[in-house]
Amino acid sequence: MSESDDMIQIDKMSVDQAADAFVMIAGAIGSLLLVIWQSKCHCKVNLCYIFQCERRPPNEDEMKSLKDQSKKLKDMKKKEDKILDKEEEILEEQRTPRLIPKTSSGKPLMEPEPEPEIDKLV
């Protein structure tokens, strides 16, 4: 075997294939930078030597405020759940047919309205 047989032959790329490759590589690098930036570790980023960004983990005061915000969100979620449960009960009551209340003798309190006879209407 010669050296040329061991090498991989790559076909020439078209412009759209090169653009796709560039977009995929840029997206992968961007995703990696996003994960690093959103992590709670200390990191310093120098973007194009124009400006530097620094990310530090939150201090104790910031953590307390974050805990308070999460408590408020949980309380709001509980209130929303109660409202939705009450709404569901009301809708269920509207779906069930209402029974005519009866007296102790077993007769209904109100007589139902007689239904019109079709023969008389025509």
# chains A, B, ... in the order shown; residues from 1 in each chain; ligands from 1
$ select_by_dssp --residues "segment 45-89 of chain A" --states "strand (DSSP E)" --output "list in words"
Val45, Asn46, Leu47, Phe51, Gln52, Cys53, Glu54 and Arg55 of chain A
$ atom_distance --atom1 "atom CA of Val35 of chain A" --atom2 "atom CA of Cys53 of chain A"
15.1 Å
